[in-house]
$ cat coords.txt   # compact mmCIF, C-alpha atoms
# COMPACT_ATOMS: atom_id res chain seq x y z
CA MET J 1 12.51 -1.32 10.00
CA SER J 2 12.06 -0.31 13.65
CA SER J 3 10.19 2.87 12.68
CA LEU J 4 7.77 0.80 10.57
CA VAL J 5 7.23 -1.64 13.43
CA ASN J 6 6.43 1.15 15.88
CA HIS J 7 3.56 2.34 13.69
CA LEU J 8 1.64 -0.94 13.53
CA PRO J 9 -1.62 -0.30 15.42
CA VAL J 10 -2.32 -2.47 18.46
CA GLU J 11 -5.76 -2.69 20.02
CA VAL J 12 -5.72 -3.27 23.81
CA VAL J 13 -8.83 -5.29 24.68
CA ARG J 14 -10.22 -6.26 28.09
CA TRP J 15 -10.94 -9.99 28.11
CA PRO J 16 -13.54 -11.46 28.27
CA VAL J 17 -15.57 -8.26 28.77
CA ASP J 18 -14.79 -6.93 25.27
CA ALA J 19 -14.99 -10.20 23.32
CA ALA J 20 -16.61 -8.36 20.40
CA ALA J 21 -13.56 -6.09 20.11
CA ARG J 22 -11.32 -9.17 19.89
CA GLU J 23 -13.48 -10.59 17.10
CA ALA J 24 -13.30 -7.25 15.26
CA CYS J 25 -9.48 -7.34 15.49
CA GLN J 26 -9.44 -10.87 14.11
CA ARG J 27 -11.67 -9.89 11.18
CA SER J 28 -9.63 -6.80 10.31
CA GLY J 29 -6.19 -8.29 10.97
CA THR J 30 -5.43 -5.68 13.64
CA LEU J 31 -2.88 -6.60 16.30
CA CYS J 32 -4.64 -7.32 19.58
CA LEU J 33 -3.34 -7.45 23.14
CA LEU J 34 -5.84 -9.04 25.51
CA VAL J 35 -5.79 -7.87 29.12
CA LEU J 36 -7.25 -10.75 31.13
CA GLU J 37 -9.45 -10.10 34.12
CA LYS J 38 -8.38 -11.67 37.39
CA ASN J 39 -9.07 -15.45 37.65
CA VAL J 40 -10.13 -15.74 33.98
CA PRO J 41 -8.55 -18.71 32.18
CA ALA J 42 -6.04 -17.80 29.50
CA PRO J 43 -7.56 -17.84 26.00
CA VAL J 44 -6.29 -20.14 23.28
CA LEU J 45 -4.38 -17.99 20.81
CA THR J 46 -4.46 -19.21 17.22
CA ASP J 47 -3.29 -16.01 15.55
CA MET J 48 0.25 -14.63 15.79
CA ARG J 49 -1.32 -11.15 15.76
CA GLU J 50 -2.61 -11.74 19.30
CA ASP J 51 -1.06 -11.89 22.75
CA TRP J 52 -2.28 -11.53 26.31
CA VAL J 53 -1.30 -10.24 29.74
CA ARG J 54 -3.03 -10.57 33.07
CA ALA J 55 -4.40 -7.54 34.93
CA PRO J 56 -3.17 -5.66 36.80
CA VAL J 57 -0.26 -5.03 34.44
CA PRO J 58 2.35 -2.30 35.04
CA GLN J 59 2.49 0.29 32.24
CA GLN J 60 6.10 -0.63 31.43
CA ASP J 61 5.20 -4.33 31.04
CA LEU J 62 2.27 -3.38 28.82
CA ALA J 63 4.57 -1.29 26.59
CA VAL J 64 7.06 -4.16 26.28
CA ARG J 65 4.29 -6.66 25.37
CA ILE J 66 2.95 -4.28 22.70
CA ALA J 67 6.45 -3.82 21.26
CA MET J 68 7.00 -7.59 21.13
CA LEU J 69 3.63 -8.13 19.43
CA ARG J 70 4.52 -5.52 16.80
CA ALA J 71 7.95 -7.05 16.23
CA ARG J 72 6.51 -10.55 15.83
CA ALA J 73 3.87 -9.33 13.37
CA ALA J 74 6.46 -7.40 11.34
CA ARG J 75 8.75 -10.44 11.12
CA TYR J 76 5.99 -12.52 9.52
CA ALA J 77 4.49 -9.81 7.32
CA VAL J 78 3.95 -10.75 3.68
CA PRO J 79 3.52 -8.20 0.88
CA GLU J 80 0.23 -8.10 -1.00
CA LEU J 81 -0.23 -7.37 -4.70
CA ASP J 82 -3.72 -6.39 -5.82
CA MET J 83 -5.28 -6.72 -9.28
CA SER J 84 -4.61 -3.07 -10.13
CA GLY J 85 -0.86 -3.47 -9.60
CA ILE J 86 -0.50 -1.92 -6.16
CA LEU J 87 2.10 -3.66 -4.01
CA ARG J 88 1.53 -3.17 -0.27
CA PHE J 89 3.90 -4.05 2.52
CA ARG J 90 3.26 -3.07 6.10
CA SER J 91 1.96 0.51 5.92
CA ARG J 92 3.41 1.49 2.54
CA SER J 93 2.49 0.90 -1.09
CA VAL J 94 3.76 1.43 -4.64
CA VAL J 95 2.13 1.15 -8.06
CA LEU J 96 3.84 -1.31 -10.42
CA SER J 97 3.92 -1.45 -14.23
CA PRO J 98 2.36 -4.52 -15.89
CA THR J 99 5.77 -6.18 -16.35
CA GLU J 100 6.83 -5.36 -12.77
CA ARG J 101 3.49 -6.72 -11.56
CA ALA J 102 4.06 -10.01 -13.40
CA LEU J 103 7.57 -10.39 -11.97
CA VAL J 104 6.50 -9.50 -8.42
CA ALA J 105 3.56 -11.92 -8.61
CA GLU J 106 6.00 -14.71 -9.43
CA LEU J 107 8.42 -13.64 -6.68
CA LEU J 108 5.56 -13.47 -4.16
CA ARG J 109 4.57 -17.07 -4.92
CA ARG J 110 7.85 -18.02 -3.23
CA PHE J 111 8.28 -15.08 -0.85
CA ARG J 112 11.60 -15.43 1.03
CA ALA J 113 12.57 -18.40 -1.17
CA LEU J 114 14.34 -18.80 -4.49
CA THR J 115 12.44 -18.08 -7.71
CA SER J 116 14.26 -19.49 -10.73
CA ARG J 117 15.42 -17.26 -13.59
CA GLU J 118 13.45 -19.48 -15.96
CA ASP J 119 10.19 -18.84 -14.10
CA LEU J 120 10.86 -15.09 -14.15
CA LEU J 121 11.83 -15.10 -17.84
CA LEU J 122 8.43 -16.63 -18.64
CA ARG J 123 6.77 -13.54 -17.12
CA LEU J 124 8.52 -11.10 -19.47
CA PRO J 125 6.72 -9.82 -22.56
CA THR J 126 8.03 -11.49 -25.72
CA LYS J 127 8.80 -8.09 -27.29
CA ASP J 128 11.69 -7.56 -24.83
CA GLY J 129 14.18 -9.15 -27.25
CA ASP J 130 17.22 -10.36 -25.30
CA THR J 131 15.28 -11.74 -22.36
CA SER J 132 18.32 -12.25 -20.14
CA ASN J 133 19.34 -8.59 -20.33
CA ALA J 134 15.70 -7.52 -20.13
CA LEU J 135 15.22 -9.50 -16.92
CA HIS J 136 18.34 -7.95 -15.44
CA LEU J 137 17.07 -4.46 -16.30
CA HIS J 138 13.57 -5.09 -14.92
CA ILE J 139 14.96 -6.53 -11.67
CA MET J 140 17.27 -3.51 -11.29
CA ARG J 141 14.33 -1.10 -11.72
CA LEU J 142 12.13 -3.19 -9.46
CA ARG J 143 14.72 -3.11 -6.68
CA ARG J 144 14.64 0.70 -6.68
CA ARG J 145 10.86 0.73 -6.84
CA ILE J 146 10.29 -1.57 -3.84
CA ALA J 147 13.14 -0.32 -1.60
CA PRO J 148 10.90 2.33 0.11
CA LEU J 149 8.55 -0.50 1.13
CA GLY J 150 11.32 -2.23 3.05
CA LEU J 151 11.67 -5.02 0.48
CA VAL J 152 14.75 -6.30 -1.35
CA ILE J 153 15.44 -8.65 -4.23
CA LYS J 154 18.56 -10.74 -3.77
CA THR J 155 20.27 -12.39 -6.71
CA LEU J 156 21.59 -15.92 -6.45
CA TRP J 157 23.81 -16.02 -9.52
CA ASN J 158 22.87 -18.54 -12.20
CA GLN J 159 19.94 -19.66 -10.06
CA GLY J 160 17.37 -16.92 -9.65
CA HIS J 161 16.12 -14.23 -7.33
CA GLN J 162 14.68 -14.00 -3.84
CA LEU J 163 12.17 -11.37 -2.66
CA GLY J 164 12.16 -10.67 1.06
CA PRO J 165 12.13 -7.98 3.72
CA ALA J 166 15.14 -5.71 4.05
CA SER J 167 17.37 -6.42 7.03
CA PRO J 168 16.78 -4.07 9.98
$ encode --input "coords.txt" --output "C-alpha cells"
Amino acid sequence: MSSLVNHLPVEVVRWPVDAAAREACQRSGTLCLLVLEKNVPAPVLTDMREDWVRAPVPQQDLAVRIAMLRARAARYAVPELDMSGILRFRSRSVVLSPTERALVAELLRRFRALTSREDLLLRLPTKDGDTSNALHLHIMRLRRRIAPLGLVIKTLWNQGHQLGPASP
C-alpha cells in the first residue's frame, strides 16, 4: 500500500494568495497542502483531503506533512464503480463482468462492513443453478480480479462477505 500512497498527487498552495488553486483542488478532489502566509488566520478545513502549514516551513517538515496527508487520504479511500463496469480504487482500475459488477455494487453499498450472503445471492443471475456454489465461485474469481487494486473480500462464514482495502 505504501507505494500507492506515495503516488497520490498533492498540490502545494500558497494561502490566501492562491485561493483559486485551493478551490480547483476541492472541485477535482486533489489533495491540497496550504502554506499559510505569516500572520494569516488558519483556514477552516472541512475536507480530509486538505491540511495546512505555516510559512516558513522547513523542507523536511513539508515532506512529512505531505506524507501524512497522503496516508490519511489513502486510509479513507473508497472504490468507485462506474456504469460501464470499471472498478477504480486509488490510481488503479479493472473491468468487471456484469455478474461481478452486480456483486461489487452490493459489496460497495456496505464498504468495510458485512454484506449478507442472501443479499449477494439476489445479485446472481437465475441461470447459475446452485446459487450457493455459484456465489462461492464468483467471489473466488472476484478476489483475484480486485487484488491488484489493493482490495480484498473477506468471508465471515455463514454470514456474508466484507469488501475492504488490503492490509499494508
$ residues_around --input "coords.txt" --residues "region 11-23 of chain J" --least-positions-apart "2" --cutoff "8 Å" --atoms "all atoms listed in the file" --output "list in words"
Pro9, Cys25, Gln26, Arg27, Thr30, Leu31, Cys32, Leu33, Leu34, Val35, Leu36, Glu37 and Val40 of chain J
$ closest_residue --input "coords.txt" --among "J:Val152, J:Ala147, J:Leu135, J:Leu114" --to "Glu100 (chain J)" --atoms "only C-alpha atoms"
J:Leu135
$ closest_atom_pairs --input "coords.txt" --of "region 2-86 of chain J" --to "region 92-98 of chain J" --cutoff "10 Å" --atoms "all atoms listed in the file" --output "CSV"
residue,atom,partner,partner_atom,distance
J:Leu4,CA,J:Arg92,CA,9.2
J:Pro79,CA,J:Ser93,CA,9.4
J:Glu80,CA,J:Ser93,CA,9.3
J:Leu81,CA,J:Leu96,CA,9.3
J:Asp82,CA,J:Val95,CA,9.8
J:Ser84,CA,J:Val95,CA,8.2
J:Gly85,CA,J:Leu96,CA,5.2
J:Ile86,CA,J:Val95,CA,4.5
$ write_last_selection --input "coords.txt" --atoms "C-alpha atoms" --output "short mmCIF file (atom, residue, chain, number, x, y, z; two decimals), in the coordinates of the input"
data_model
loop_
_atom_site.label_atom_id
_atom_site.label_comp_id
_atom_site.auth_asym_id
_atom_site.auth_seq_id
_atom_site.Cartn_x
_atom_site.Cartn_y
_atom_site.Cartn_z
CA LEU J 4 7.77 0.80 10.57
CA PRO J 79 3.52 -8.20 0.88
CA GLU J 80 0.23 -8.10 -1.00
CA LEU J 81 -0.23 -7.37 -4.70
CA ASP J 82 -3.72 -6.39 -5.82
CA SER J 84 -4.61 -3.07 -10.13
CA GLY J 85 -0.86 -3.47 -9.60
CA ILE J 86 -0.50 -1.92 -6.16
#
$ atom_distance --input "coords.txt" --atom1 "CA of Gly150 (chain J)" --atom2 "CA of Ala166 (chain J)"
5.3 Å
$ atom_distance --input "coords.txt" --atom1 "CA of Ile66 (chain J)" --atom2 "CA of Ile146 (chain J)"
27.7 Å
$ closest_residue --input "coords.txt" --among "J:Ser91, J:Thr46, J:Thr115, J:Thr155" --to "Ala74 (chain J)" --atoms "only C-alpha atoms"
J:Ser91
$ atom_distance --input "coords.txt" --atom1 "CA of Arg110 (chain J)" --atom2 "CA of Leu124 (chain J)"
17.7 Å
$ build_atoms --input "coords.txt" --residues "region 42-55 of chain J" --atoms "N, CA and C atoms" --output "JSON list (two decimals), in the frame of the given file"
[["chain", "number", "residue", "atom", "x", "y", "z"],
["J", 42, "ALA", "N", -6.72, -18.36, 30.67],
["J", 42, "ALA", "CA", -6.04, -17.80, 29.50],
["J", 42, "ALA", "C", -6.72, -18.30, 28.23],
["J", 43, "PRO", "N", -6.92, -17.42, 27.25],
["J", 43, "PRO", "CA", -7.56, -17.84, 26.00],
["J", 43, "PRO", "C", -6.58, -18.62, 25.13],
["J", 44, "VAL", "N", -7.11, -19.44, 24.25],
["J", 44, "VAL", "CA", -6.29, -20.14, 23.28],
["J", 44, "VAL", "C", -6.02, -19.16, 22.14],
["J", 45, "LEU", "N", -4.75, -18.91, 21.87],
["J", 45, "LEU", "CA", -4.38, -17.99, 20.81],
["J", 45, "LEU", "C", -4.02, -18.79, 19.56],
["J", 46, "THR", "N", -4.72, -18.51, 18.47],
["J", 46, "THR", "CA", -4.46, -19.21, 17.22],
["J", 46, "THR", "C", -3.91, -18.26, 16.15],
["J", 47, "ASP", "N", -3.74, -17.02, 16.50],
["J", 47, "ASP", "CA", -3.29, -16.01, 15.55],
["J", 47, "ASP", "C", -2.05, -15.32, 16.10],
["J", 48, "MET", "N", -0.97, -15.25, 15.31],
["J", 48, "MET", "CA", 0.25, -14.63, 15.79],
["J", 48, "MET", "C", 0.10, -13.12, 15.97],
["J", 49, "ARG", "N", -1.06, -12.58, 15.56],
["J", 49, "ARG", "CA", -1.32, -11.15, 15.76],
["J", 49, "ARG", "C", -1.98, -10.87, 17.09],
["J", 50, "GLU", "N", -2.01, -11.88, 17.98],
["J", 50, "GLU", "CA", -2.61, -11.74, 19.30],
["J", 50, "GLU", "C", -1.61, -12.12, 20.39],
["J", 51, "ASP", "N", -1.81, -11.51, 21.55],
["J", 51, "ASP", "CA", -1.06, -11.89, 22.75],
["J", 51, "ASP", "C", -1.93, -11.50, 23.93],
["J", 52, "TRP", "N", -1.50, -11.91, 25.12],
["J", 52, "TRP", "CA", -2.28, -11.53, 26.31],
["J", 52, "TRP", "C", -1.37, -11.27, 27.49],
["J", 53, "VAL", "N", -1.91, -10.49, 28.43],
["J", 53, "VAL", "CA", -1.30, -10.24, 29.74],
["J", 53, "VAL", "C", -2.41, -10.30, 30.77],
["J", 54, "ARG", "N", -2.03, -10.51, 32.01],
["J", 54, "ARG", "CA", -3.03, -10.57, 33.07],
["J", 54, "ARG", "C", -3.04, -9.26, 33.86],
["J", 55, "ALA", "N", -4.24, -8.75, 34.13],
["J", 55, "ALA", "CA", -4.40, -7.54, 34.93],
["J", 55, "ALA", "C", -4.19, -7.88, 36.40]]
